[in-house]
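Below: target-v3.cif (mmCIF, C-alpha atoms)
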```cif
data_data
loop_
_atom_site.group_PDB
_atom_site.id
_atom_site.type_symbol
_atom_site.label_atom_id
_atom_site.label_comp_id
_atom_site.auth_asym_id
_atom_site.auth_seq_id
_atom_site.Cartn_x
_atom_site.Cartn_y
_atom_site.Cartn_z
ATOM 1 C CA MET A 1492 -80.254 -96.123 23.758
ATOM 2 C CA ASN A 1493 -78.694 -99.412 22.666
ATOM 3 C CA THR A 1494 -80.100 -101.078 25.746
ATOM 4 C CA LEU A 1495 -83.692 -100.569 24.595
ATOM 5 C CA HIS A 1496 -85.562 -103.779 23.862
ATOM 6 C CA SER A 1497 -87.087 -104.052 20.396
ATOM 7 C CA LEU A 1498 -90.565 -103.983 21.973
ATOM 8 C CA ASP A 1499 -89.678 -100.741 23.779
ATOM 9 C CA LYS A 1500 -88.667 -99.223 20.461
ATOM 10 C CA LYS A 1501 -91.881 -100.442 18.876
ATOM 11 C CA ILE A 1502 -93.889 -98.856 21.694
ATOM 12 C CA ILE A 1503 -91.987 -95.544 21.553
ATOM 13 C CA ASN A 1504 -92.353 -95.316 17.790
ATOM 14 C CA GLY A 1505 -95.972 -96.485 17.811
ATOM 15 C CA LEU A 1506 -97.142 -94.212 20.599
ATOM 16 C CA GLN A 1507 -95.705 -90.969 19.252
ATOM 17 C CA GLY A 1508 -98.434 -91.218 16.648
ATOM 18 C CA GLY A 1509 -101.264 -91.234 19.150
ATOM 19 C CA PHE A 1510 -102.913 -92.933 22.088
ATOM 20 C CA PRO A 1511 -106.386 -94.291 21.234
ATOM 21 C CA LEU A 1512 -109.360 -92.295 22.472
ATOM 22 C CA CYS A 1513 -111.868 -95.023 23.291
ATOM 23 C CA GLU A 1514 -113.220 -96.943 26.273
ATOM 24 C CA HIS A 1515 -110.455 -99.591 26.206
ATOM 25 C CA PRO A 1516 -107.429 -97.807 24.717
ATOM 26 C CA TRP A 1517 -104.814 -100.391 25.742
ATOM 27 C CA GLU A 1518 -106.717 -103.204 24.060
ATOM 28 C CA GLU A 1519 -106.935 -101.137 20.892
ATOM 29 C CA LEU A 1520 -103.215 -100.362 21.093
ATOM 30 C CA SER A 1521 -102.472 -104.008 21.791
ATOM 31 C CA ARG A 1522 -104.149 -104.939 18.494
ATOM 32 C CA GLN A 1523 -102.246 -102.187 16.633
ATOM 33 C CA LEU A 1524 -98.824 -103.135 18.019
ATOM 34 C CA ASP A 1525 -99.434 -106.845 18.508
ATOM 35 C CA ILE A 1526 -98.136 -106.695 22.079
ATOM 36 C CA PRO A 1527 -100.268 -107.746 25.092
ATOM 37 C CA ALA A 1528 -101.898 -104.729 26.804
ATOM 38 C CA ASP A 1529 -100.399 -105.459 30.234
ATOM 39 C CA GLU A 1530 -96.948 -105.721 28.739
ATOM 40 C CA ILE A 1531 -97.304 -102.333 26.988
ATOM 41 C CA ILE A 1532 -98.370 -100.713 30.275
ATOM 42 C CA ALA A 1533 -95.512 -102.335 32.204
ATOM 43 C CA ARG A 1534 -92.957 -101.292 29.597
ATOM 44 C CA ILE A 1535 -94.211 -97.676 29.482
ATOM 45 C CA ASP A 1536 -94.064 -97.582 33.276
ATOM 46 C CA ARG A 1537 -90.438 -98.758 33.164
ATOM 47 C CA LEU A 1538 -89.529 -96.368 30.310
ATOM 48 C CA MET A 1539 -90.986 -93.456 32.274
ATOM 49 C CA LYS A 1540 -89.148 -94.438 35.464
ATOM 50 C CA ASP A 1541 -85.902 -94.771 33.503
ATOM 51 C CA GLY A 1542 -86.464 -91.387 31.854
ATOM 52 C CA TYR A 1543 -86.818 -92.501 28.229
ATOM 53 C CA ILE A 1544 -90.355 -91.123 28.107
ATOM 54 C CA SER A 1545 -90.912 -87.697 29.606
ATOM 55 C CA ARG A 1546 -94.694 -87.599 29.253
ATOM 56 C CA PHE A 1547 -97.692 -89.751 28.482
ATOM 57 C CA GLY A 1548 -101.091 -88.246 27.671
ATOM 58 C CA PRO A 1549 -102.675 -85.349 25.795
ATOM 59 C CA MET A 1550 -100.526 -82.403 24.716
ATOM 60 C CA TYR A 1551 -102.434 -79.161 25.041
ATOM 61 C CA ASN A 1552 -102.088 -76.062 22.910
ATOM 62 C CA ALA A 1553 -102.011 -73.222 25.464
ATOM 63 C CA GLU A 1554 -102.834 -70.535 22.918
ATOM 64 C CA LYS A 1555 -106.132 -72.214 22.013
ATOM 65 C CA LEU A 1556 -107.108 -71.819 25.645
ATOM 66 C CA GLY A 1557 -106.711 -68.069 25.469
ATOM 67 C CA GLY A 1558 -103.150 -67.719 26.734
ATOM 68 C CA GLY A 1559 -100.337 -65.714 25.157
ATOM 69 C CA LEU A 1560 -97.096 -67.308 23.991
ATOM 70 C CA THR A 1561 -94.062 -65.936 22.212
ATOM 71 C CA LEU A 1562 -90.374 -66.450 21.563
ATOM 72 C CA ALA A 1563 -88.212 -63.423 22.320
ATOM 73 C CA ALA A 1564 -84.533 -62.693 21.810
ATOM 74 C CA MET A 1565 -82.052 -60.107 23.070
ATOM 75 C CA LYS A 1566 -78.538 -58.957 22.258
ATOM 76 C CA VAL A 1567 -76.939 -58.947 25.669
ATOM 77 C CA PRO A 1568 -73.431 -57.497 26.107
ATOM 78 C CA ALA A 1569 -71.110 -60.118 27.624
ATOM 79 C CA SER A 1570 -70.356 -57.883 30.590
ATOM 80 C CA ARG A 1571 -74.053 -57.716 31.505
ATOM 81 C CA PHE A 1572 -75.029 -61.314 30.761
ATOM 82 C CA ASP A 1573 -75.450 -62.545 34.343
ATOM 83 C CA GLU A 1574 -77.309 -59.414 35.409
ATOM 84 C CA ILE A 1575 -79.751 -59.626 32.472
ATOM 85 C CA THR A 1576 -80.233 -63.380 32.982
ATOM 86 C CA GLU A 1577 -81.315 -62.686 36.540
ATOM 87 C CA LEU A 1578 -83.582 -59.846 35.439
ATOM 88 C CA VAL A 1579 -85.313 -61.899 32.718
ATOM 89 C CA ASN A 1580 -85.591 -65.108 34.752
ATOM 90 C CA ALA A 1581 -87.245 -63.188 37.598
ATOM 91 C CA PHE A 1582 -90.410 -62.942 35.485
ATOM 92 C CA ASP A 1583 -92.756 -65.866 36.224
ATOM 93 C CA GLU A 1584 -94.021 -65.488 32.656
ATOM 94 C CA VAL A 1585 -90.582 -66.486 31.319
ATOM 95 C CA ALA A 1586 -90.822 -70.271 31.038
ATOM 96 C CA HIS A 1587 -87.614 -71.205 29.218
ATOM 97 C CA ASN A 1588 -84.469 -69.213 28.640
ATOM 98 C CA TYR A 1589 -81.432 -70.311 26.616
ATOM 99 C CA GLN A 1590 -78.063 -68.790 25.868
ATOM 100 C CA ARG A 1591 -77.235 -69.277 22.174
ATOM 101 C CA ASP A 1592 -74.102 -68.726 20.092
ATOM 102 C CA HIS A 1593 -75.246 -65.726 18.056
ATOM 103 C CA ILE A 1594 -75.216 -61.937 18.398
ATOM 104 C CA LEU A 1595 -78.814 -62.447 19.578
ATOM 105 C CA ASN A 1596 -77.483 -64.476 22.482
ATOM 106 C CA MET A 1597 -80.465 -64.786 24.813
ATOM 107 C CA TRP A 1598 -83.652 -66.592 23.704
ATOM 108 C CA PHE A 1599 -86.645 -67.042 25.950
ATOM 109 C CA VAL A 1600 -90.261 -68.169 25.833
ATOM 110 C CA ILE A 1601 -92.883 -65.912 27.425
ATOM 111 C CA ALA A 1602 -96.215 -67.512 28.381
ATOM 112 C CA THR A 1603 -99.042 -65.418 29.818
ATOM 113 C CA GLU A 1604 -102.624 -66.018 30.870
ATOM 114 C CA LYS A 1605 -103.916 -63.414 28.402
ATOM 115 C CA PRO A 1606 -102.405 -62.512 24.989
ATOM 116 C CA GLU A 1607 -102.192 -58.768 25.753
ATOM 117 C CA GLN A 1608 -99.897 -59.452 28.723
ATOM 118 C CA ILE A 1609 -97.083 -60.483 26.363
ATOM 119 C CA ASN A 1610 -96.432 -56.874 25.390
ATOM 120 C CA GLN A 1611 -96.585 -55.749 29.010
ATOM 121 C CA VAL A 1612 -93.870 -58.245 29.985
ATOM 122 C CA ILE A 1613 -91.730 -57.225 27.001
ATOM 123 C CA CYS A 1614 -92.086 -53.519 27.859
ATOM 124 C CA LYS A 1615 -91.054 -54.197 31.459
ATOM 125 C CA ILE A 1616 -87.990 -56.191 30.376
ATOM 126 C CA GLU A 1617 -86.981 -53.429 27.930
ATOM 127 C CA LYS A 1618 -87.451 -50.725 30.528
ATOM 128 C CA GLN A 1619 -85.581 -52.564 33.276
ATOM 129 C CA SER A 1620 -82.712 -53.683 31.041
ATOM 130 C CA GLY A 1621 -82.431 -50.749 28.640
ATOM 131 C CA LEU A 1622 -82.094 -53.345 25.861
ATOM 132 C CA LEU A 1623 -84.322 -54.092 22.885
ATOM 133 C CA VAL A 1624 -86.437 -57.261 22.984
ATOM 134 C CA TYR A 1625 -87.026 -58.909 19.612
ATOM 135 C CA ASN A 1626 -90.533 -60.336 19.796
ATOM 136 C CA MET A 1627 -90.934 -63.307 17.442
ATOM 137 C CA PRO A 1628 -94.381 -64.825 17.947
ATOM 138 C CA LYS A 1629 -95.174 -67.719 15.649
ATOM 139 C CA LYS A 1630 -97.123 -66.738 12.559
ATOM 140 C CA GLU A 1631 -97.666 -70.294 11.404
ATOM 141 C CA GLU A 1632 -96.884 -73.729 12.764
ATOM 142 C CA TYR A 1633 -95.838 -76.696 10.679
ATOM 143 C CA PHE A 1634 -96.574 -79.439 13.142
ATOM 144 C CA LEU A 1635 -96.443 -82.944 11.861
ATOM 145 C CA GLY A 1636 -96.550 -85.278 14.819
ATOM 146 C CA LEU A 1637 -94.483 -88.433 14.801
ATOM 147 C CA LYS A 1638 -90.783 -87.959 15.497
ATOM 148 C CA PHE A 1639 -87.675 -89.657 16.859
ATOM 149 C CA GLU A 1640 -87.714 -93.060 15.293
ATOM 150 C CA VAL A 1641 -85.593 -95.182 17.679
ATOM 151 C CA MET B 1062 -99.599 -87.542 8.422
ATOM 152 C CA MET B 1063 -99.105 -84.094 7.035
ATOM 153 C CA GLN B 1064 -101.572 -81.545 8.213
ATOM 154 C CA ALA B 1065 -102.412 -78.205 6.620
ATOM 155 C CA PRO B 1066 -100.739 -75.282 8.404
ATOM 156 C CA SER B 1067 -104.044 -73.631 9.307
ATOM 157 C CA PRO B 1068 -106.575 -76.414 9.756
ATOM 158 C CA GLN B 1069 -110.156 -75.206 9.793
ATOM 159 C CA HIS B 1070 -110.774 -76.340 13.319
ATOM 160 C CA ARG B 1071 -114.306 -76.310 14.606
ATOM 161 C CA LEU B 1072 -114.846 -73.585 17.157
ATOM 162 C CA TYR B 1073 -115.190 -74.936 20.653
ATOM 163 C CA THR B 1074 -115.070 -73.112 23.949
ATOM 164 C CA PRO B 1075 -114.063 -75.356 26.841
ATOM 165 C CA ASP B 1076 -116.475 -75.219 29.767
ATOM 166 C CA HIS B 1077 -115.667 -75.800 33.422
ATOM 167 C CA ILE B 1078 -115.784 -79.596 33.066
ATOM 168 C CA ASP B 1079 -113.334 -79.439 30.150
ATOM 169 C CA ARG B 1080 -111.076 -77.270 32.282
ATOM 170 C CA GLU B 1081 -111.227 -79.862 35.061
ATOM 171 C CA ILE B 1082 -110.269 -82.552 32.541
ATOM 172 C CA ILE B 1083 -107.363 -80.373 31.366
ATOM 173 C CA ARG B 1084 -106.270 -79.792 34.942
ATOM 174 C CA LEU B 1085 -106.285 -83.533 35.658
ATOM 175 C CA THR B 1086 -104.457 -84.526 32.458
ATOM 176 C CA GLN B 1087 -102.025 -81.678 31.690
ATOM 177 C CA GLN B 1088 -99.257 -83.504 33.543
ATOM 178 C CA GLY B 1089 -100.230 -86.772 31.843
ATOM 179 C CA LEU B 1090 -102.761 -89.585 31.877
ATOM 180 C CA PRO B 1091 -102.738 -92.106 34.737
ATOM 181 C CA LEU B 1092 -100.921 -95.248 33.647
ATOM 182 C CA VAL B 1093 -103.781 -97.612 34.482
ATOM 183 C CA ARG B 1094 -105.833 -100.126 32.528
ATOM 184 C CA GLU B 1095 -108.787 -97.715 32.066
ATOM 185 C CA PRO B 1096 -107.268 -94.192 32.118
ATOM 186 C CA TYR B 1097 -110.378 -92.371 30.868
ATOM 187 C CA ALA B 1098 -112.570 -94.166 33.412
ATOM 188 C CA ALA B 1099 -110.127 -93.065 36.141
ATOM 189 C CA ILE B 1100 -110.520 -89.414 35.066
ATOM 190 C CA ALA B 1101 -114.308 -89.848 34.873
ATOM 191 C CA ALA B 1102 -114.442 -91.265 38.399
ATOM 192 C CA GLN B 1103 -112.563 -88.274 39.775
ATOM 193 C CA LEU B 1104 -115.009 -85.861 38.134
ATOM 194 C CA ASN B 1105 -118.095 -87.950 38.802
ATOM 195 C CA ILE B 1106 -119.044 -88.096 35.123
ATOM 196 C CA SER B 1107 -119.252 -91.005 32.682
ATOM 197 C CA THR B 1108 -116.267 -92.397 30.776
ATOM 198 C CA SER B 1109 -117.992 -91.642 27.473
ATOM 199 C CA GLN B 1110 -118.346 -87.981 28.500
ATOM 200 C CA VAL B 1111 -114.597 -87.798 29.152
ATOM 201 C CA ILE B 1112 -113.883 -89.399 25.771
ATOM 202 C CA GLU B 1113 -116.349 -87.094 23.947
ATOM 203 C CA ARG B 1114 -114.823 -83.996 25.512
ATOM 204 C CA LEU B 1115 -111.248 -85.086 24.779
ATOM 205 C CA GLN B 1116 -112.352 -85.797 21.207
ATOM 206 C CA ALA B 1117 -113.983 -82.352 20.897
ATOM 207 C CA MET B 1118 -110.840 -80.672 22.255
ATOM 208 C CA THR B 1119 -108.739 -82.678 19.781
ATOM 209 C CA ASP B 1120 -111.009 -81.731 16.848
ATOM 210 C CA CYS B 1121 -110.713 -78.015 17.640
ATOM 211 C CA GLY B 1122 -106.939 -78.101 18.204
ATOM 212 C CA ILE B 1123 -106.903 -77.516 21.982
ATOM 213 C CA ILE B 1124 -105.242 -80.940 22.174
ATOM 214 C CA ARG B 1125 -102.478 -81.255 19.584
ATOM 215 C CA ARG B 1126 -102.229 -85.000 19.984
ATOM 216 C CA SER B 1127 -102.164 -87.638 22.661
ATOM 217 C CA GLY B 1128 -99.405 -90.146 23.156
ATOM 218 C CA ILE B 1129 -95.919 -90.267 24.556
ATOM 219 C CA VAL B 1130 -93.220 -87.632 24.467
ATOM 220 C CA PRO B 1131 -89.827 -89.307 24.314
ATOM 221 C CA ASN B 1132 -86.905 -87.738 26.158
ATOM 222 C CA HIS B 1133 -84.644 -87.113 23.205
ATOM 223 C CA TYR B 1134 -81.548 -86.549 25.376
ATOM 224 C CA LYS B 1135 -81.954 -89.995 26.927
ATOM 225 C CA LEU B 1136 -82.499 -91.499 23.469
ATOM 226 C CA GLY B 1137 -79.093 -90.197 22.420
ATOM 227 C CA PHE B 1138 -80.181 -87.038 20.593
ATOM 228 C CA THR B 1139 -78.042 -84.825 22.814
ATOM 229 C CA ALA B 1140 -77.365 -82.037 20.320
ATOM 230 C CA ASN B 1141 -79.982 -79.622 19.119
ATOM 231 C CA GLY B 1142 -79.615 -76.613 16.927
ATOM 232 C CA MET B 1143 -82.158 -73.935 16.139
ATOM 233 C CA SER B 1144 -81.875 -73.647 12.374
ATOM 234 C CA VAL B 1145 -83.246 -70.423 10.938
ATOM 235 C CA TRP B 1146 -84.006 -69.770 7.288
ATOM 236 C CA ASN B 1147 -84.782 -66.852 5.005
ATOM 237 C CA ILE B 1148 -87.518 -68.178 2.713
ATOM 238 C CA PRO B 1149 -89.396 -66.144 0.080
ATOM 239 C CA ASP B 1150 -92.817 -65.253 1.503
ATOM 240 C CA ALA B 1151 -94.545 -66.733 -1.544
ATOM 241 C CA HIS B 1152 -93.226 -70.209 -0.695
ATOM 242 C CA ILE B 1153 -93.089 -70.129 3.090
ATOM 243 C CA ASN B 1154 -96.051 -72.457 3.817
ATOM 244 C CA GLU B 1155 -95.064 -75.043 1.268
ATOM 245 C CA ILE B 1156 -91.427 -75.023 2.461
ATOM 246 C CA GLY B 1157 -92.475 -74.973 6.126
ATOM 247 C CA MET B 1158 -94.534 -78.133 5.699
ATOM 248 C CA MET B 1159 -91.712 -79.846 3.860
ATOM 249 C CA VAL B 1160 -89.147 -79.002 6.557
ATOM 250 C CA GLY B 1161 -91.590 -79.777 9.396
ATOM 251 C CA ALA B 1162 -92.137 -83.249 7.927
ATOM 252 C CA LEU B 1163 -88.462 -84.219 8.312
ATOM 253 C CA GLU B 1164 -87.983 -86.842 10.994
ATOM 254 C CA PHE B 1165 -85.099 -84.944 12.635
ATOM 255 C CA VAL B 1166 -87.062 -81.670 12.942
ATOM 256 C CA SER B 1167 -89.188 -81.377 16.079
ATOM 257 C CA HIS B 1168 -90.574 -77.845 15.903
ATOM 258 C CA CYS B 1169 -91.089 -75.824 12.766
ATOM 259 C CA TYR B 1170 -92.533 -72.312 12.856
ATOM 260 C CA GLN B 1171 -92.884 -69.250 10.682
ATOM 261 C CA ARG B 1172 -91.886 -66.136 12.651
ATOM 262 C CA PRO B 1173 -91.470 -62.438 11.768
ATOM 263 C CA ARG B 1174 -88.223 -61.087 10.315
ATOM 264 C CA PHE B 1175 -86.373 -58.107 11.814
ATOM 265 C CA LEU B 1176 -84.695 -56.551 8.804
ATOM 266 C CA PRO B 1177 -81.929 -55.954 8.098
ATOM 267 C CA GLU B 1178 -80.229 -57.819 10.938
ATOM 268 C CA TRP B 1179 -82.591 -60.808 11.261
ATOM 269 C CA PRO B 1180 -83.786 -61.902 7.818
ATOM 270 C CA TYR B 1181 -84.957 -65.349 8.937
ATOM 271 C CA ASN B 1182 -88.670 -66.235 8.816
ATOM 272 C CA LEU B 1183 -88.580 -70.019 9.292
ATOM 273 C CA PHE B 1184 -87.373 -71.742 12.465
ATOM 274 C CA ALA B 1185 -86.750 -75.496 12.593
ATOM 275 C CA MET B 1186 -85.324 -77.273 15.640
ATOM 276 C CA VAL B 1187 -82.898 -79.912 14.389
ATOM 277 C CA HIS B 1188 -81.889 -82.817 16.618
ATOM 278 C CA GLY B 1189 -78.897 -85.086 16.346
ATOM 279 C CA ARG B 1190 -76.422 -87.181 18.308
ATOM 280 C CA SER B 1191 -73.708 -84.528 17.908
ATOM 281 C CA LYS B 1192 -73.269 -80.949 16.691
ATOM 282 C CA GLU B 1193 -71.672 -82.365 13.568
ATOM 283 C CA GLU B 1194 -74.731 -84.496 12.868
ATOM 284 C CA VAL B 1195 -76.971 -81.446 13.375
ATOM 285 C CA ARG B 1196 -74.825 -79.434 10.936
ATOM 286 C CA ASP B 1197 -75.002 -82.297 8.407
ATOM 287 C CA LYS B 1198 -78.784 -82.327 8.686
ATOM 288 C CA VAL B 1199 -78.915 -78.550 8.217
ATOM 289 C CA THR B 1200 -76.878 -79.081 5.038
ATOM 290 C CA VAL B 1201 -79.441 -81.665 3.924
ATOM 291 C CA ILE B 1202 -82.239 -79.110 4.431
ATOM 292 C CA ALA B 1203 -80.256 -76.465 2.535
ATOM 293 C CA GLY B 1204 -79.831 -78.922 -0.340
ATOM 294 C CA MET B 1205 -83.567 -79.664 -0.344
ATOM 295 C CA LEU B 1206 -84.513 -75.985 -0.447
ATOM 296 C CA GLY B 1207 -82.164 -75.031 -3.283
ATOM 297 C CA GLU B 1208 -82.914 -71.533 -4.551
ATOM 298 C CA ASN B 1209 -85.741 -71.084 -2.023
ATOM 299 C CA ASN B 1210 -83.033 -70.756 0.623
ATOM 300 C CA CYS B 1211 -82.012 -67.078 0.686
ATOM 301 C CA GLY B 1212 -79.737 -67.587 3.684
ATOM 302 C CA HIS B 1213 -79.634 -69.630 6.862
ATOM 303 C CA SER B 1214 -77.893 -70.022 10.171
ATOM 304 C CA VAL B 1215 -77.902 -72.531 13.016
ATOM 305 C CA LEU B 1216 -77.860 -71.425 16.646
ATOM 306 C CA PHE B 1217 -76.711 -73.916 19.250
ATOM 307 C CA SER B 1218 -77.702 -73.475 22.850
ATOM 308 C CA THR B 1219 -74.648 -72.987 25.027
ATOM 309 C CA ARG B 1220 -76.471 -72.897 28.363
ATOM 310 C CA ILE B 1221 -79.955 -73.479 29.757
ATOM 311 C CA LEU B 1222 -80.669 -70.350 31.810
ATOM 312 C CA LYS B 1223 -84.179 -71.314 32.922
ATOM 313 C CA LYS B 1224 -86.520 -74.208 32.307
ATOM 314 C CA THR B 1225 -89.914 -74.529 33.926
ATOM 315 C CA GLY B 1226 -92.935 -76.518 32.813
ATOM 316 C CA LEU B 1227 -95.874 -74.704 31.290
ATOM 317 C CA ARG B 1228 -98.974 -75.046 33.419
ATOM 318 C CA ILE B 1229 -101.986 -73.986 31.459
ATOM 319 C CA VAL B 1230 -104.928 -74.055 33.848
#
```

Output the structure of this file as structure tokens.
Amino acid sequence: MNTLHSLDKKIINGLQGGFPLCEHPWEELSRQLDIPADEIIARIDRLMKDGYISRFGPMYNAEKLGGGLTLAAMKVPASRFDEITELVNAFDEVAHNYQRDHILNMWFVIATEKPEQINQVICKIEKQSGLLVYNMPKKEEYFLGLKFEV
Amino acid sequence: MMQAPSPQHRLYTPDHIDREIIRLTQQGLPLVREPYAAIAAQLNISTSQVIERLQAMTDCGIIRRSGIVPNHYKLGFTANGMSVWNIPDAHINEIGMMVGALEFVSHCYQRPRFLPEWPYNLFAMVHGRSKEEVRDKVTVIAGMLGENNCGHSVLFSTRILKKTGLRIV
């Protein structure tokens, strides 16, 4: 990260807050950051190619579009870990799955087209594995936007 | 800036044109001089229609925000710990907003407890350049919470077992 130019840092910090929603967004951003529009575009292009920026554009909230989403955890015995990993990962609805250093050692995100399908997936995993799935859907979100000052 | 945990978003049901806009932008905006005009051209609608619809979807919370998502691994934040906290229900929203506002916390959610073995109702993903730095930051949070912290833990990921992108339409 030490190789980042000060303008790159300014762009990364400035753009986490929001990309203008108007006819000429780069011109607006250019005024905000005091960097020429073409230079901002070129630098973002480079930062994306180099992997410093993983995404540029709107971030959608899947639940607002009618989908189901939850975080689930399981206590998987060490001797069955690989078997259960395979079983859980086989579900298309399981988007992410992480091993964590806790007695609840498997944590995965389930995303479905319809909210009621979450329970169906959980029931199937419980039935196939014989293990309990701890369903921890979010009750409230404390989302505050700008992060990772570089 | 800080946003209330349950903003009173206007109700808005996306129609088929909105869904087309979502489909075209869920992987990102085109990096061109007039990105909204480029979307409009693909859908054969006006640029102002694209902007109005993106604005409406932002106002109702379908779009959380628009901008860049930095790759925190590449930026040197290679350690992340899922910190979990047992917070009195009476103070959970106030504490959640305080923790969510910290610059080193990327996701902050209230989730159900599973008593007695899982007493934690607040989850905050803490990022740092090392596990030690993450633990130090968790200590900072604990100090901030004082007596509102009825117990906490931090879970580090030891292996990624699966990671696929979420496609929403």

query: Got a sec: who's within 10 Å of Asn1147 (chain B), counting all atoms listed in the file, leaving out chain neighbours fewer than 3 positions off, as number ranges by chain?
result: B: 1150, 1153, 1174, 1179-1184, 1209-1214

Residues as selected, C-alpha atoms, written as an mmCIF file, in the coordinates of the input, can you do that?
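Final file, result.cif:
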```cif
data_model
loop_
_atom_site.group_PDB
_atom_site.id
_atom_site.type_symbol
_atom_site.label_atom_id
_atom_site.label_comp_id
_atom_site.auth_asym_id
_atom_site.auth_seq_id
_atom_site.Cartn_x
_atom_site.Cartn_y
_atom_site.Cartn_z
ATOM 1 C CA ASP B 1150 -92.817 -65.253 1.503
ATOM 2 C CA ILE B 1153 -93.089 -70.129 3.090
ATOM 3 C CA ARG B 1174 -88.223 -61.087 10.315
ATOM 4 C CA TRP B 1179 -82.591 -60.808 11.261
ATOM 5 C CA PRO B 1180 -83.786 -61.902 7.818
ATOM 6 C CA TYR B 1181 -84.957 -65.349 8.937
ATOM 7 C CA ASN B 1182 -88.670 -66.235 8.816
ATOM 8 C CA LEU B 1183 -88.580 -70.019 9.292
ATOM 9 C CA PHE B 1184 -87.373 -71.742 12.465
ATOM 10 C CA ASN B 1209 -85.741 -71.084 -2.023
ATOM 11 C CA ASN B 1210 -83.033 -70.756 0.623
ATOM 12 C CA CYS B 1211 -82.012 -67.078 0.686
ATOM 13 C CA GLY B 1212 -79.737 -67.587 3.684
ATOM 14 C CA HIS B 1213 -79.634 -69.630 6.862
ATOM 15 C CA SER B 1214 -77.893 -70.022 10.171
#
```

Residue nearest Leu1595 (chain A) - candidates B:Ile1083, B:Leu1115, B:Leu1104, B:Leu1216, atoms counted: only C-alpha atoms: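 Smallest separation from Leu1595 (chain A) among the options: B:Leu1216.
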
query: Residues at most 8 Å from Leu1090 (chain B), counting all atoms listed in the file, excluding those fewer than 2 positions away in the same chain, as a PyMOL selection string?
result: (chain A and resi 1547-1549) or (chain B and resi 1085-1088+1092+1096)

task: Scan for residues within 12 Å of the point (-90.6, -93.7, 18.1) in the coordinates of the file, using all atoms listed in the file, and reply as a ChimeraX atom specification.
output: /A:1495,1497-1509,1543-1544,1636-1641 /B:1128-1133,1136,1164-1165

Closest atom pairs, chain A residues within 7 Å of chain B, only C-alpha atoms, as CSV:
```
residue,atom,partner,partner_atom,distance
A:Met1492,CA,B:Leu1136,CA,5.1
A:Leu1506,CA,B:Gly1128,CA,5.3
A:Gln1507,CA,B:Ile1129,CA,5.4
A:Gly1508,CA,B:Gly1128,CA,6.7
A:Gly1509,CA,B:Gly1128,CA,4.5
A:Phe1510,CA,B:Gly1128,CA,4.6
A:Leu1512,CA,B:Ile1112,CA,6.3
A:Cys1513,CA,B:Ile1112,CA,6.5
A:His1515,CA,B:Glu1095,CA,6.4
A:Trp1517,CA,B:Arg1094,CA,6.9
A:Ile1532,CA,B:Leu1092,CA,6.9
A:Gly1542,CA,B:Asn1132,CA,6.8
A:Tyr1543,CA,B:Asn1132,CA,5.2
A:Ile1544,CA,B:Pro1131,CA,4.2
A:Ser1545,CA,B:Asn1132,CA,5.3
A:Arg1546,CA,B:Val1130,CA,5.0
A:Phe1547,CA,B:Ile1129,CA,4.3
A:Gly1548,CA,B:Gly1089,CA,4.5
A:Pro1549,CA,B:Ser1127,CA,3.9
A:Met1550,CA,B:Ile1124,CA,5.6
A:Tyr1551,CA,B:Ile1124,CA,4.4
A:Asn1552,CA,B:Ile1123,CA,5.1
A:Ala1553,CA,B:Ile1229,CA,6.0
A:Lys1555,CA,B:Ile1123,CA,5.4
A:Leu1556,CA,B:Ile1123,CA,6.8
A:Asn1580,CA,B:Lys1223,CA,6.6
A:Ala1586,CA,B:Thr1225,CA,5.2
A:His1587,CA,B:Lys1224,CA,4.4
A:Asn1588,CA,B:Lys1223,CA,4.8
A:Tyr1589,CA,B:Ile1221,CA,4.7
A:Gln1590,CA,B:Arg1220,CA,5.1
A:Arg1591,CA,B:Ser1218,CA,4.3
A:Asp1592,CA,B:Leu1216,CA,5.8
A:His1593,CA,B:Leu1216,CA,6.4
A:Met1627,CA,B:Arg1172,CA,5.6
A:Pro1628,CA,B:Arg1172,CA,6.0
A:Lys1629,CA,B:Arg1172,CA,4.7
A:Lys1630,CA,B:Arg1172,CA,5.3
A:Glu1631,CA,B:Gln1171,CA,4.9
A:Glu1632,CA,B:Tyr1170,CA,4.6
A:Tyr1633,CA,B:Cys1169,CA,5.3
A:Phe1634,CA,B:Gly1161,CA,6.2
A:Leu1635,CA,B:Met1063,CA,5.6
A:Lys1638,CA,B:Glu1164,CA,5.4
A:Phe1639,CA,B:Glu1164,CA,6.5
```
